[in-house]
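Trainee: Just data.cif, nothing more (mmCIF, C-alpha atoms):
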```cif
data_model
loop_
_atom_site.label_atom_id
_atom_site.label_comp_id
_atom_site.auth_asym_id
_atom_site.auth_seq_id
_atom_site.Cartn_x
_atom_site.Cartn_y
_atom_site.Cartn_z
CA MET A 583 9.98 10.31 -10.69
CA ARG A 584 13.51 9.29 -9.69
CA PHE A 585 14.92 5.80 -10.34
CA SER A 586 15.24 5.16 -6.60
CA GLU A 587 11.58 6.00 -6.06
CA ARG A 588 10.32 3.93 -9.00
CA TYR A 589 12.17 0.81 -7.95
CA GLY A 590 11.65 0.95 -4.21
CA HIS A 591 15.10 2.14 -3.12
CA THR A 592 13.69 5.33 -1.61
CA PRO A 593 11.32 4.73 1.35
CA THR A 594 7.70 5.45 0.51
CA LYS A 595 7.48 7.87 3.41
CA SER A 596 10.06 9.99 1.60
CA VAL A 597 8.04 9.86 -1.61
CA ILE A 598 4.90 10.79 0.32
CA GLN A 599 6.32 13.39 2.67
CA ILE A 600 5.13 12.78 6.23
CA ASP A 601 8.17 13.53 8.36
CA SER A 602 10.11 15.79 6.02
CA VAL A 603 9.73 18.63 3.55
CA ASP A 604 11.94 18.51 0.47
CA ASP A 605 13.40 21.50 -1.37
CA ALA A 606 10.68 21.55 -4.01
CA LEU A 607 7.92 21.82 -1.41
CA THR A 608 9.86 24.29 0.75
CA ASN A 609 10.46 26.54 -2.25
CA SER A 610 6.87 26.25 -3.49
CA LEU A 611 5.39 27.24 -0.13
CA TRP A 612 7.78 30.17 0.24
CA SER A 613 6.81 31.40 -3.24
CA ILE A 614 3.17 31.26 -2.16
CA LEU A 615 4.01 33.28 0.95
CA HIS A 616 5.81 35.73 -1.30
CA LEU A 617 2.91 36.12 -3.72
CA HIS A 618 0.10 36.19 -1.15
CA VAL A 619 1.74 38.02 1.76
CA TRP A 620 5.12 39.68 1.28
CA ASP A 621 4.35 41.15 -2.16
CA HIS A 622 1.49 43.12 -0.58
CA VAL A 623 3.95 45.18 1.44
CA HIS A 624 4.12 48.58 -0.20
CA ILE A 625 7.54 50.18 -0.07
CA SER A 626 7.51 53.85 -0.99
CA ARG A 627 10.29 55.83 -2.56
CA TYR A 628 10.97 57.22 0.90
CA GLY A 629 12.10 53.85 2.18
CA SER A 630 10.74 50.70 3.83
CA ASP A 631 9.85 52.19 7.21
CA PHE A 632 7.07 50.19 8.94
CA ASN A 633 5.28 53.43 9.76
CA LEU A 634 4.42 53.66 6.06
CA ASN A 635 2.93 50.13 6.27
CA PRO A 636 0.73 50.00 9.39
CA GLU A 637 -1.02 46.83 8.20
CA ILE A 638 2.16 44.79 7.80
CA LYS A 639 3.67 46.37 10.90
CA THR A 640 0.81 45.02 13.05
CA PHE A 641 1.14 41.65 11.35
CA CYS A 642 4.88 41.47 12.02
CA GLN A 643 4.37 42.52 15.62
CA ARG A 644 2.08 39.50 16.01
CA ILE A 645 4.70 37.24 14.42
CA TRP A 646 7.40 38.67 16.69
CA PHE A 647 5.36 38.59 19.91
CA ASN A 648 3.14 35.51 19.45
CA TYR A 649 5.13 33.25 17.14
CA TYR A 650 8.80 33.90 17.85
CA LYS A 651 8.14 35.09 21.45
CA LEU A 652 10.75 37.82 21.02
CA PRO A 653 10.79 41.25 22.74
CA LEU A 654 8.97 43.78 20.60
CA ASP A 655 11.75 46.31 20.98
CA THR A 656 13.99 43.99 18.95
CA LEU A 657 11.65 44.24 15.94
CA GLU A 658 13.33 46.40 13.31
CA ASP A 659 11.40 49.32 11.81
CA ASP A 660 12.86 48.47 8.43
CA TRP A 661 10.75 45.91 6.51
CA THR A 662 13.67 44.75 4.37
CA LYS A 663 15.57 43.68 7.49
CA VAL A 664 12.53 41.90 8.93
CA TYR A 665 11.99 40.15 5.60
CA LYS A 666 15.59 38.89 5.60
CA PHE A 667 15.11 37.53 9.12
CA LEU A 668 11.85 35.75 8.18
CA ARG A 669 13.39 34.28 5.04
CA ARG A 670 16.53 33.07 6.80
CA ASP A 671 14.53 31.44 9.59
CA TYR A 672 12.08 29.82 7.15
CA PHE A 673 14.81 28.16 5.08
CA ASN A 674 16.70 26.94 8.14
CA CYS A 675 13.88 25.63 10.29
CA GLU A 676 12.79 22.01 10.84
CA TRP A 677 10.04 20.65 8.59
CA PHE A 678 7.44 20.77 11.40
CA GLU A 679 8.41 24.36 12.25
CA LEU A 680 7.75 25.28 8.63
CA TYR A 681 4.20 23.96 9.02
CA ASN A 682 3.88 25.82 12.35
CA PHE A 683 4.79 29.03 10.55
CA LEU A 684 2.29 28.45 7.73
CA GLU A 685 -0.48 27.78 10.26
CA PHE A 686 0.36 30.99 12.10
CA ILE A 687 0.31 32.98 8.85
CA ALA A 688 -3.10 31.53 7.94
CA ASP A 689 -4.49 32.22 11.41
CA ASN A 690 -3.27 35.83 11.36
CA TYR A 691 -3.58 36.53 7.64
CA PRO A 692 -3.58 40.32 7.25
CA TYR A 693 -5.39 40.63 3.92
CA ASN A 694 -8.83 39.71 2.60
CA ASP A 695 -7.93 36.71 0.41
CA LYS A 696 -7.00 34.12 3.02
CA GLU A 697 -8.99 31.44 1.19
CA SER A 698 -6.85 31.95 -1.91
CA PHE A 699 -3.70 31.63 0.21
CA ILE A 700 -4.87 28.35 1.76
CA GLU A 701 -6.02 27.03 -1.62
CA ALA A 702 -2.58 27.79 -3.11
CA CYS A 703 -0.84 26.07 -0.18
CA ASN A 704 -2.99 22.96 -0.59
CA PHE A 705 -2.24 22.90 -4.31
CA ALA A 706 1.51 22.86 -3.57
CA LEU A 707 1.12 20.30 -0.77
CA GLU A 708 -0.76 17.95 -3.11
CA ARG A 709 1.55 18.49 -6.08
CA GLU A 710 4.65 17.74 -4.01
CA LEU A 711 3.02 14.74 -2.29
CA SER A 712 2.93 16.08 1.24
CA GLY A 713 1.05 13.93 3.72
CA TYR A 714 -0.66 17.07 5.05
CA ARG A 715 -3.29 19.62 4.00
CA PHE A 716 -4.87 22.77 5.37
CA ILE A 717 -8.22 21.82 6.90
CA ASP A 718 -10.15 24.55 8.74
CA ASP A 719 -7.07 26.80 8.89
CA GLN A 720 -4.98 24.03 10.44
CA ILE A 721 -2.50 21.69 8.79
CA ALA A 722 -3.73 18.15 9.39
CA PRO A 723 -2.34 14.76 8.32
CA ILE A 724 -4.06 12.95 5.48
CA THR A 725 -1.52 10.12 5.46
CA SER A 726 -0.27 8.31 8.56
CA SER A 727 2.90 6.34 9.29
CA GLU A 728 0.75 3.21 9.57
CA GLU A 729 -0.59 3.68 6.04
CA ILE A 730 2.93 4.17 4.68
CA SER A 731 4.07 1.02 6.51
CA GLU A 732 1.34 -1.02 4.80
CA ILE A 733 2.49 0.14 1.36
CA GLU A 734 6.16 -0.53 2.11
CA ALA A 735 5.42 -3.98 3.53
CA ALA A 736 3.39 -4.94 0.46
CA LEU A 737 6.13 -3.74 -1.90
CA VAL A 738 8.53 -6.42 -0.61
CA THR A 739 6.15 -9.30 -1.37
CA LYS A 740 7.79 -12.30 -3.04
CA ASN A 741 5.02 -12.39 -5.65
CA ASP A 742 6.55 -10.67 -8.68
CA GLN A 743 3.24 -9.87 -10.33
CA VAL A 744 1.76 -8.33 -7.19
CA ARG A 745 4.92 -6.32 -6.59
CA THR A 746 4.93 -5.07 -10.19
CA HIS A 747 1.34 -3.83 -9.92
CA LEU A 748 1.96 -2.08 -6.60
CA LYS A 749 5.17 -0.42 -7.79
CA ARG A 750 3.36 0.80 -10.89
CA ALA A 751 0.46 2.07 -8.76
CA LEU A 752 2.91 4.02 -6.58
CA GLU A 753 4.77 5.32 -9.62
CA LEU A 754 1.57 6.62 -11.26
CA PHE A 755 0.36 8.09 -7.97
CA SER A 756 3.70 9.76 -7.19
CA ASP A 757 4.42 11.33 -10.57
CA ARG A 758 4.72 15.00 -9.60
CA LYS A 759 4.53 16.30 -13.15
CA GLN A 760 1.54 14.30 -14.34
CA PRO A 761 0.00 11.96 -11.74
CA ASP A 762 -2.33 9.32 -13.17
CA TYR A 763 -4.71 8.57 -10.31
CA ARG A 764 -7.12 6.61 -12.50
CA ASN A 765 -4.57 4.03 -13.59
CA SER A 766 -2.91 4.02 -10.17
CA ILE A 767 -6.20 2.70 -8.77
CA LYS A 768 -6.38 0.14 -11.56
CA GLU A 769 -2.90 -1.14 -10.68
CA SER A 770 -3.72 -1.24 -6.95
CA ILE A 771 -6.81 -3.37 -7.60
CA SER A 772 -4.81 -5.56 -10.00
CA SER A 773 -2.34 -6.33 -7.19
CA VAL A 774 -5.19 -7.72 -5.10
CA GLU A 775 -6.54 -9.64 -8.06
CA SER A 776 -3.09 -11.15 -8.67
CA ILE A 777 -2.58 -12.32 -5.10
CA VAL A 778 -6.02 -13.92 -5.00
CA GLN A 779 -5.41 -15.71 -8.32
CA LYS A 780 -2.06 -16.97 -7.02
CA ILE A 781 -3.55 -18.33 -3.79
CA LEU A 782 -6.49 -20.03 -5.53
CA GLY A 783 -4.40 -21.21 -8.48
CA GLN A 784 -6.94 -20.03 -11.02
CA LYS A 785 -7.65 -17.07 -13.25
CA GLY A 786 -10.68 -14.84 -12.94
CA THR A 787 -11.81 -11.46 -11.74
CA LEU A 788 -11.61 -10.47 -8.11
CA GLY A 789 -15.37 -10.18 -8.00
CA LYS A 790 -15.74 -13.89 -8.83
CA LEU A 791 -12.77 -15.19 -6.87
CA VAL A 792 -13.24 -13.38 -3.59
CA LYS A 793 -16.05 -15.72 -2.49
CA LYS A 794 -13.79 -18.73 -3.02
CA LEU A 795 -11.10 -16.97 -1.04
CA GLU A 796 -13.42 -16.81 1.97
CA THR A 797 -13.29 -20.61 2.19
CA GLU A 798 -9.62 -20.96 1.25
CA ILE A 799 -8.17 -18.73 3.99
CA ASP A 800 -11.15 -18.48 6.33
CA LEU A 801 -11.78 -14.89 5.25
CA HIS A 802 -14.65 -13.27 7.12
CA PRO A 803 -17.59 -12.78 4.71
CA ALA A 804 -17.89 -9.11 5.68
CA LEU A 805 -14.29 -8.45 4.64
CA GLY A 806 -14.79 -10.40 1.43
CA LYS A 807 -17.90 -8.36 0.70
CA ALA A 808 -15.99 -5.14 1.30
CA PHE A 809 -13.38 -6.03 -1.32
CA GLU A 810 -16.03 -7.25 -3.70
CA SER A 811 -17.67 -3.84 -3.39
CA LEU A 812 -14.38 -2.01 -3.97
CA TYR A 813 -13.80 -4.08 -7.07
CA GLY A 814 -17.30 -3.21 -8.20
CA TYR A 815 -16.50 0.49 -7.83
CA THR A 816 -13.63 0.13 -10.27
CA SER A 817 -15.58 -1.99 -12.72
CA ASP A 818 -19.04 -0.46 -13.08
CA GLU A 819 -20.05 1.83 -15.92
CA ASP A 820 -18.80 4.94 -14.10
CA GLY A 821 -15.67 3.24 -12.77
CA ILE A 822 -11.97 3.36 -13.37
CA ARG A 823 -11.35 0.38 -15.61
CA HIS A 824 -14.08 1.44 -18.00
CA ALA A 825 -12.45 4.82 -18.39
CA ILE A 826 -14.49 5.54 -21.49
CA LEU A 827 -16.29 8.02 -19.27
CA GLU A 828 -13.71 10.70 -18.83
CA SER A 829 -16.14 12.61 -16.64
CA ALA A 830 -15.57 10.20 -13.74
CA LYS A 831 -13.61 12.22 -11.17
CA VAL A 832 -10.60 10.57 -9.57
CA ASP A 833 -8.28 12.53 -7.28
CA PHE A 834 -5.30 12.19 -4.91
CA GLU A 835 -7.42 10.98 -1.99
CA ASP A 836 -9.10 8.27 -4.10
CA ALA A 837 -5.79 6.91 -5.38
CA LYS A 838 -4.14 7.05 -1.96
CA PHE A 839 -7.08 5.21 -0.38
CA PHE A 840 -6.87 2.35 -2.90
CA LEU A 841 -3.08 2.13 -2.67
CA VAL A 842 -3.22 1.83 1.12
CA VAL A 843 -6.23 -0.50 1.30
CA CYS A 844 -5.00 -2.82 -1.45
CA SER A 845 -1.53 -2.95 0.12
CA ALA A 846 -3.12 -3.83 3.45
CA PHE A 847 -5.16 -6.58 1.78
CA VAL A 848 -2.06 -8.05 0.14
CA ASN A 849 -0.30 -8.06 3.52
CA PHE A 850 -3.33 -9.59 5.24
CA VAL A 851 -3.81 -12.37 2.70
CA THR A 852 -0.07 -13.11 2.64
CA ALA A 853 -0.02 -13.46 6.42
CA LYS A 854 -3.10 -15.70 6.39
CA THR A 855 -1.55 -18.09 3.85
CA LYS A 856 1.81 -18.51 5.57
CA PRO A 857 2.37 -22.09 6.81
#
```
Rewrite the structure from the file as structure tokens, please.
Mentor:
Amino acid sequence: MRFSERYGHTPTKSVIQIDSVDDALTNSLWSILHLHVWDHVHISRYGSDFNLNPEIKTFCQRIWFNYYKLPLDTLEDDWTKVYKFLRRDYFNCEWFELYNFLEFIADNYPYNDKESFIEACNFALERELSGYRFIDDQIAPITSSEEISEIEAALVTKNDQVRTHLKRALELFSDRKQPDYRNSIKESISSVESIVQKILGQKGTLGKLVKKLETEIDLHPALGKAFESLYGYTSDEDGIRHAILESAKVDFEDAKFFLVVCSAFVNFVTAKTKP
């Protein structure tokens, strides 16, 4: 993770890619296209004439006619020339056009392992922290601008301890080589615990303090109960803090949920305690 990302100088929406696609993700997705689609094109010793590849010829005709909306008589018979066109357009298109192209490929996949193609794409999207995933053959958002805004707002809190926990949670969550979702959740919960302790002026676990917070800032009991339950999830015998049980499964979605929700809680409580 880069210095600028660890210490909040790069916007969170650039760390979690929701309106951009960086080089690492662009390259990863092209490599997947190469392995799952283009490498299946068989070029004989007689050349790369499409007539020798009826399957890919039909596929490219669909791309030409339905995706690019180009006249079919401009489609070259030579696969190598078509490939160069597809590659050039892919690496020069806008980030949302890249996702359009991937969706089209999935919807018109010419071979019998489409599920493997989509699974590989989702692996790359998760690894490179894209805010999108393939769901039912369509690329759908799993992270919104509103969620990113909550994280960014919480990261500028004046409470040093809260800010430290949230930055660490984001750092652990965003580590592309070895993300630590378990401890990211722990840090997210700790940020909430820290802000509650600061407001009440006393130490203790969130589970014990949240009821006192209801009175202190006129917190609705239902909301207090919700956070008490979340804290319970991270503290019970199968939870995150008692990570003795390595079998407990924690993934990207779990860590993202806690990072967003805990950031929102920090923002909410901060707003409620302003004079």
Trainee: Select all residues near (-7.1, -19.3, 2.7) (cut-off 10 Å, inclusive, file coordinates), counting only C-alpha atoms, and output them as number ranges by chain.
Mentor: A: 778, 781-782, 794-801, 851-856
Trainee: Would you export the selected residues with C-alpha atoms as a PDB file, keeping the file's coordinate frame, please?
Mentor:
```
ATOM      1  CA  VAL A 778      -6.020 -13.920  -5.000  1.00  0.00           C
ATOM      2  CA  ILE A 781      -3.550 -18.330  -3.790  1.00  0.00           C
ATOM      3  CA  LEU A 782      -6.490 -20.030  -5.530  1.00  0.00           C
ATOM      4  CA  LYS A 794     -13.790 -18.730  -3.020  1.00  0.00           C
ATOM      5  CA  LEU A 795     -11.100 -16.970  -1.040  1.00  0.00           C
ATOM      6  CA  GLU A 796     -13.420 -16.810   1.970  1.00  0.00           C
ATOM      7  CA  THR A 797     -13.290 -20.610   2.190  1.00  0.00           C
ATOM      8  CA  GLU A 798      -9.620 -20.960   1.250  1.00  0.00           C
ATOM      9  CA  ILE A 799      -8.170 -18.730   3.990  1.00  0.00           C
ATOM     10  CA  ASP A 800     -11.150 -18.480   6.330  1.00  0.00           C
ATOM     11  CA  LEU A 801     -11.780 -14.890   5.250  1.00  0.00           C
ATOM     12  CA  VAL A 851      -3.810 -12.370   2.700  1.00  0.00           C
ATOM     13  CA  THR A 852      -0.070 -13.110   2.640  1.00  0.00           C
ATOM     14  CA  ALA A 853      -0.020 -13.460   6.420  1.00  0.00           C
ATOM     15  CA  LYS A 854      -3.100 -15.700   6.390  1.00  0.00           C
ATOM     16  CA  THR A 855      -1.550 -18.090   3.850  1.00  0.00           C
ATOM     17  CA  LYS A 856       1.810 -18.510   5.570  1.00  0.00           C
TER      18      LYS A 856
END
```
Trainee: Just the number, please: distance in Å from atom CA of A:Cys844 to atom CA of A:Ala736, one decimal.
Mentor: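 Rounded to one decimal, the two atoms are 8.9 Å apart.
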Trainee: Rounded to one decimal, what separation in Å do you get between atom CA of A:Glu679 and atom CA of A:Leu654?
Mentor: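 Result for atom CA of A:Glu679 versus atom CA of A:Leu654: 21.1 Å, one decimal.
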Trainee: Once the PyMOL selection byres ((chain A and resi 763-767) around 6) has been evaluated on this model, what residues remain selected, and can you format them as a PDB file with C-alpha atoms, in the frame of the given file?
Mentor:
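Listing of part.pdb after writing:
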```pdb
ATOM      1  CA  ALA A 751       0.460   2.070  -8.760  1.00  0.00           C
ATOM      2  CA  LEU A 754       1.570   6.620 -11.260  1.00  0.00           C
ATOM      3  CA  PHE A 755       0.360   8.090  -7.970  1.00  0.00           C
ATOM      4  CA  PRO A 761       0.000  11.960 -11.740  1.00  0.00           C
ATOM      5  CA  ASP A 762      -2.330   9.320 -13.170  1.00  0.00           C
ATOM      6  CA  LYS A 768      -6.380   0.140 -11.560  1.00  0.00           C
ATOM      7  CA  GLU A 769      -2.900  -1.140 -10.680  1.00  0.00           C
ATOM      8  CA  SER A 770      -3.720  -1.240  -6.950  1.00  0.00           C
ATOM      9  CA  ILE A 822     -11.970   3.360 -13.370  1.00  0.00           C
ATOM     10  CA  ALA A 837      -5.790   6.910  -5.380  1.00  0.00           C
ATOM     11  CA  PHE A 840      -6.870   2.350  -2.900  1.00  0.00           C
TER      12      PHE A 840
END
```
Trainee: As a check of understanding, name the residues that the PyMOL selection byres ((chain A and resi 774) around 12) selects in the supplied structure, as a VMD selection string.
Mentor: chain A and resid 736 741 743 to 748 751 767 to 773 775 to 781 786 to 789 791 to 792 795 806 809 to 810 812 to 813 840 to 852
Trainee: With C-alpha atoms retained, write the just-selected residues as a PDB file, in the frame of the given file.
Mentor:
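Final output, saved to result_16.pdb:
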```pdb
ATOM      1  CA  ALA A 736       3.390  -4.940   0.460  1.00  0.00           C
ATOM      2  CA  ASN A 741       5.020 -12.390  -5.650  1.00  0.00           C
ATOM      3  CA  GLN A 743       3.240  -9.870 -10.330  1.00  0.00           C
ATOM      4  CA  VAL A 744       1.760  -8.330  -7.190  1.00  0.00           C
ATOM      5  CA  ARG A 745       4.920  -6.320  -6.590  1.00  0.00           C
ATOM      6  CA  THR A 746       4.930  -5.070 -10.190  1.00  0.00           C
ATOM      7  CA  HIS A 747       1.340  -3.830  -9.920  1.00  0.00           C
ATOM      8  CA  LEU A 748       1.960  -2.080  -6.600  1.00  0.00           C
ATOM      9  CA  ALA A 751       0.460   2.070  -8.760  1.00  0.00           C
ATOM     10  CA  ILE A 767      -6.200   2.700  -8.770  1.00  0.00           C
ATOM     11  CA  LYS A 768      -6.380   0.140 -11.560  1.00  0.00           C
ATOM     12  CA  GLU A 769      -2.900  -1.140 -10.680  1.00  0.00           C
ATOM     13  CA  SER A 770      -3.720  -1.240  -6.950  1.00  0.00           C
ATOM     14  CA  ILE A 771      -6.810  -3.370  -7.600  1.00  0.00           C
ATOM     15  CA  SER A 772      -4.810  -5.560 -10.000  1.00  0.00           C
ATOM     16  CA  SER A 773      -2.340  -6.330  -7.190  1.00  0.00           C
ATOM     17  CA  GLU A 775      -6.540  -9.640  -8.060  1.00  0.00           C
ATOM     18  CA  SER A 776      -3.090 -11.150  -8.670  1.00  0.00           C
ATOM     19  CA  ILE A 777      -2.580 -12.320  -5.100  1.00  0.00           C
ATOM     20  CA  VAL A 778      -6.020 -13.920  -5.000  1.00  0.00           C
ATOM     21  CA  GLN A 779      -5.410 -15.710  -8.320  1.00  0.00           C
ATOM     22  CA  LYS A 780      -2.060 -16.970  -7.020  1.00  0.00           C
ATOM     23  CA  ILE A 781      -3.550 -18.330  -3.790  1.00  0.00           C
ATOM     24  CA  GLY A 786     -10.680 -14.840 -12.940  1.00  0.00           C
ATOM     25  CA  THR A 787     -11.810 -11.460 -11.740  1.00  0.00           C
ATOM     26  CA  LEU A 788     -11.610 -10.470  -8.110  1.00  0.00           C
ATOM     27  CA  GLY A 789     -15.370 -10.180  -8.000  1.00  0.00           C
ATOM     28  CA  LEU A 791     -12.770 -15.190  -6.870  1.00  0.00           C
ATOM     29  CA  VAL A 792     -13.240 -13.380  -3.590  1.00  0.00           C
ATOM     30  CA  LEU A 795     -11.100 -16.970  -1.040  1.00  0.00           C
ATOM     31  CA  GLY A 806     -14.790 -10.400   1.430  1.00  0.00           C
ATOM     32  CA  PHE A 809     -13.380  -6.030  -1.320  1.00  0.00           C
ATOM     33  CA  GLU A 810     -16.030  -7.250  -3.700  1.00  0.00           C
ATOM     34  CA  LEU A 812     -14.380  -2.010  -3.970  1.00  0.00           C
ATOM     35  CA  TYR A 813     -13.800  -4.080  -7.070  1.00  0.00           C
ATOM     36  CA  PHE A 840      -6.870   2.350  -2.900  1.00  0.00           C
ATOM     37  CA  LEU A 841      -3.080   2.130  -2.670  1.00  0.00           C
ATOM     38  CA  VAL A 842      -3.220   1.830   1.120  1.00  0.00           C
ATOM     39  CA  VAL A 843      -6.230  -0.500   1.300  1.00  0.00           C
ATOM     40  CA  CYS A 844      -5.000  -2.820  -1.450  1.00  0.00           C
ATOM     41  CA  SER A 845      -1.530  -2.950   0.120  1.00  0.00           C
ATOM     42  CA  ALA A 846      -3.120  -3.830   3.450  1.00  0.00           C
ATOM     43  CA  PHE A 847      -5.160  -6.580   1.780  1.00  0.00           C
ATOM     44  CA  VAL A 848      -2.060  -8.050   0.140  1.00  0.00           C
ATOM     45  CA  ASN A 849      -0.300  -8.060   3.520  1.00  0.00           C
ATOM     46  CA  PHE A 850      -3.330  -9.590   5.240  1.00  0.00           C
ATOM     47  CA  VAL A 851      -3.810 -12.370   2.700  1.00  0.00           C
ATOM     48  CA  THR A 852      -0.070 -13.110   2.640  1.00  0.00           C
TER      49      THR A 852
END
```
Trainee: Quick one, how far is atom CA of A:Glu835 from atom CA of A:Pro803?
Mentor: 26.7 Å
Trainee: Kindly indicate which residue among A:Leu752, A:Ala808, A:Ile614, A:Ile687 lies nearest to A:Asn648, using all atoms listed in the file for the distances.
Mentor: A:Ile687
Trainee: As a PyMOL selection string, please: the residues near A:Asp605 (cut-off 10 Å, all atoms listed in the file, same-chain neighbours under 4 positions excluded).
Mentor: chain A and resi 609-611+673+710
